[in-house]
Amino acid sequence: MSPVEQVLAQLGRQKWAVDTRDAAALKSLYTADSVQVIYQAGPDGRTEIARSRGRDEIIGAITAGWARTAATWYPGAMIHQIGSVVPEPTAGGRIRCRSYASFLALDADGVPVLKGYGSYDDIWTLDEGEWRLAYRETVMYGHQPSHG
């Protein structure tokens, strides 16, 4: 596979790992010094709501969200649908990959609903032979992530 194809596969693996709550799979998808910034956006602009530095902190934030929703979660309870993916080579051999996501879930009655949508602006780098997330900026619209 080409580097761009590898990044697209890794992007899909990252979403599958989140949606299936596979923390072990997440470890190979981030560099040790990754940075992830999450914004909530609306008509008045965007506000930073979370910033994590390093693979362990990022995965810790993800799994903390899983813990808060464990009582109501089951496979398929929420999925990220990725689209409009634009990968582009950048300086230093990295790949920038922008994409949109819809957050789909089932409500208490089992009816599918759109929880919100967002965008990702990622920088992927070749690290120990694998393409991994070095930087992710997430902008969320509508969906309010659970916080501790």
# chains A, B, ... in the order shown; residues from 1 in each chain; ligands from 1
>>> residues_around(residues="stretch 130-141 of chain A", least_positions_apart="4", cutoff="6 Å", atoms="only C-alpha atoms", output="PDB file with N, CA and C atoms, in the first residue's frame")
ATOM      1  N   LEU A  29      -1.626   3.295  17.334  1.00  0.00           N
ATOM      2  CA  LEU A  29      -2.131   4.314  16.404  1.00  0.00           C
ATOM      3  C   LEU A  29      -1.672   5.737  16.741  1.00  0.00           C
ATOM      4  N   TYR A  30      -0.980   5.917  17.861  1.00  0.00           N
ATOM      5  CA  TYR A  30      -0.508   7.242  18.295  1.00  0.00           C
ATOM      6  C   TYR A  30       0.994   7.201  18.526  1.00  0.00           C
ATOM      7  N   THR A  31       1.680   8.297  18.216  1.00  0.00           N
ATOM      8  CA  THR A  31       3.084   8.401  18.595  1.00  0.00           C
ATOM      9  C   THR A  31       3.161   8.621  20.104  1.00  0.00           C
ATOM     10  N   SER A  34       2.213  12.231  20.910  1.00  0.00           N
ATOM     11  CA  SER A  34       1.024  12.774  20.224  1.00  0.00           C
ATOM     12  C   SER A  34       0.391  13.905  21.019  1.00  0.00           C
ATOM     13  N   VAL A  35      -0.313  14.767  20.298  1.00  0.00           N
ATOM     14  CA  VAL A  35      -1.115  15.818  20.911  1.00  0.00           C
ATOM     15  C   VAL A  35      -2.507  15.735  20.305  1.00  0.00           C
ATOM     16  N   GLN A  36      -3.521  15.825  21.156  1.00  0.00           N
ATOM     17  CA  GLN A  36      -4.906  15.843  20.692  1.00  0.00           C
ATOM     18  C   GLN A  36      -5.616  17.023  21.341  1.00  0.00           C
ATOM     19  N   VAL A  37      -6.244  17.858  20.515  1.00  0.00           N
ATOM     20  CA  VAL A  37      -6.980  19.021  20.990  1.00  0.00           C
ATOM     21  C   VAL A  37      -8.416  18.888  20.514  1.00  0.00           C
ATOM     22  N   ILE A  38      -9.367  19.072  21.428  1.00  0.00           N
ATOM     23  CA  ILE A  38     -10.787  18.952  21.081  1.00  0.00           C
ATOM     24  C   ILE A  38     -11.462  20.292  21.319  1.00  0.00           C
ATOM     25  N   TYR A  39     -12.209  20.729  20.329  1.00  0.00           N
ATOM     26  CA  TYR A  39     -12.975  21.973  20.392  1.00  0.00           C
ATOM     27  C   TYR A  39     -14.459  21.663  20.274  1.00  0.00           C
ATOM     28  N   GLN A  40     -15.281  22.442  20.945  1.00  0.00           N
ATOM     29  CA  GLN A  40     -16.734  22.451  20.742  1.00  0.00           C
ATOM     30  C   GLN A  40     -17.017  23.697  19.923  1.00  0.00           C
ATOM     31  N   ALA A  41     -17.776  23.556  18.844  1.00  0.00           N
ATOM     32  CA  ALA A  41     -18.031  24.695  17.961  1.00  0.00           C
ATOM     33  C   ALA A  41     -19.516  24.936  17.786  1.00  0.00           C
ATOM     34  N   GLY A 116     -24.359  14.094  16.607  1.00  0.00           N
ATOM     35  CA  GLY A 116     -23.604  15.294  16.260  1.00  0.00           C
ATOM     36  C   GLY A 116     -22.690  14.975  15.101  1.00  0.00           C
ATOM     37  N   TYR A 117     -21.823  15.924  14.796  1.00  0.00           N
ATOM     38  CA  TYR A 117     -20.856  15.717  13.730  1.00  0.00           C
ATOM     39  C   TYR A 117     -19.627  16.545  14.049  1.00  0.00           C
ATOM     40  N   GLY A 118     -18.560  16.281  13.323  1.00  0.00           N
ATOM     41  CA  GLY A 118     -17.331  16.999  13.608  1.00  0.00           C
ATOM     42  C   GLY A 118     -16.340  16.874  12.474  1.00  0.00           C
ATOM     43  N   SER A 119     -15.194  17.479  12.701  1.00  0.00           N
ATOM     44  CA  SER A 119     -14.114  17.389  11.729  1.00  0.00           C
ATOM     45  C   SER A 119     -12.824  17.009  12.448  1.00  0.00           C
ATOM     46  N   TYR A 120     -11.958  16.338  11.715  1.00  0.00           N
ATOM     47  CA  TYR A 120     -10.635  15.969  12.203  1.00  0.00           C
ATOM     48  C   TYR A 120      -9.604  16.601  11.278  1.00  0.00           C
ATOM     49  N   ASP A 121      -8.560  17.133  11.863  1.00  0.00           N
ATOM     50  CA  ASP A 121      -7.408  17.637  11.116  1.00  0.00           C
ATOM     51  C   ASP A 121      -6.203  16.956  11.740  1.00  0.00           C
ATOM     52  N   ASP A 122      -5.716  15.927  11.069  1.00  0.00           N
ATOM     53  CA  ASP A 122      -4.681  15.051  11.614  1.00  0.00           C
ATOM     54  C   ASP A 122      -3.350  15.240  10.914  1.00  0.00           C
ATOM     55  N   ILE A 123      -2.278  15.020  11.670  1.00  0.00           N
ATOM     56  CA  ILE A 123      -0.944  14.877  11.108  1.00  0.00           C
ATOM     57  C   ILE A 123      -0.468  13.480  11.474  1.00  0.00           C
ATOM     58  N   TRP A 124      -0.180  12.694  10.448  1.00  0.00           N
ATOM     59  CA  TRP A 124       0.297  11.316  10.614  1.00  0.00           C
ATOM     60  C   TRP A 124       1.780  11.290  10.270  1.00  0.00           C
ATOM     61  N   THR A 125       2.541  10.511  11.034  1.00  0.00           N
ATOM     62  CA  THR A 125       3.970  10.391  10.790  1.00  0.00           C
ATOM     63  C   THR A 125       4.382   8.921  10.843  1.00  0.00           C
ATOM     64  N   LEU A 126       5.419   8.598  10.083  1.00  0.00           N
ATOM     65  CA  LEU A 126       5.941   7.241  10.097  1.00  0.00           C
ATOM     66  C   LEU A 126       6.787   7.087  11.355  1.00  0.00           C
TER      67      LEU A 126
END
>>> select_by_dssp(residues="stretch 61-116 of chain A", states="strand (DSSP E)", output="list in words")
Met78, Ile79, His80, Gln81, Ile82, Gly83, Ser84, Val85, Val86, Pro87, Glu88, Pro89, Ile95, Arg96, Cys97, Arg98, Ser99, Tyr100, Ala101, Ser102, Phe103, Leu104, Ala105, Leu106, Pro112, Val113, Leu114, Lys115 and Gly116 of chain A
>>> closest_residue(among="A:Gln81, A:Ser102, A:Thr47, A:Thr69", to="A:Arg21", atoms="only C-alpha atoms")
A:Thr69
>>> closest_residue(among="A:Asp33, A:Ile49, A:Leu114, A:Ile95", to="A:Ser2", atoms="only C-alpha atoms")
A:Ile95
>>> select_by_dssp(residues="stretch 2-90 of chain A", states="helix (DSSP H, G or I)", output="MDAnalysis selection string")
chainID A and resid 3:20 23:27 55:68 70:72
>>> closest_residue(among="A:Ala70, A:Gly65, A:Ala32, A:Ala108", to="A:Arg53", atoms="only C-alpha atoms")
A:Ala32
>>> closest_residue(among="A:Ala64, A:Ala105, A:Ile82, A:Val113", to="A:Lys15", atoms="only C-alpha atoms")
A:Ile82
>>> closest_residue(among="A:Gly93, A:Pro43, A:Thr20, A:Tyr100", to="A:Trp73", atoms="only C-alpha atoms")
A:Thr20
>>> atom_distance(atom1="atom CA of A:Val18", atom2="atom CA of A:Arg98")
18.1 Å
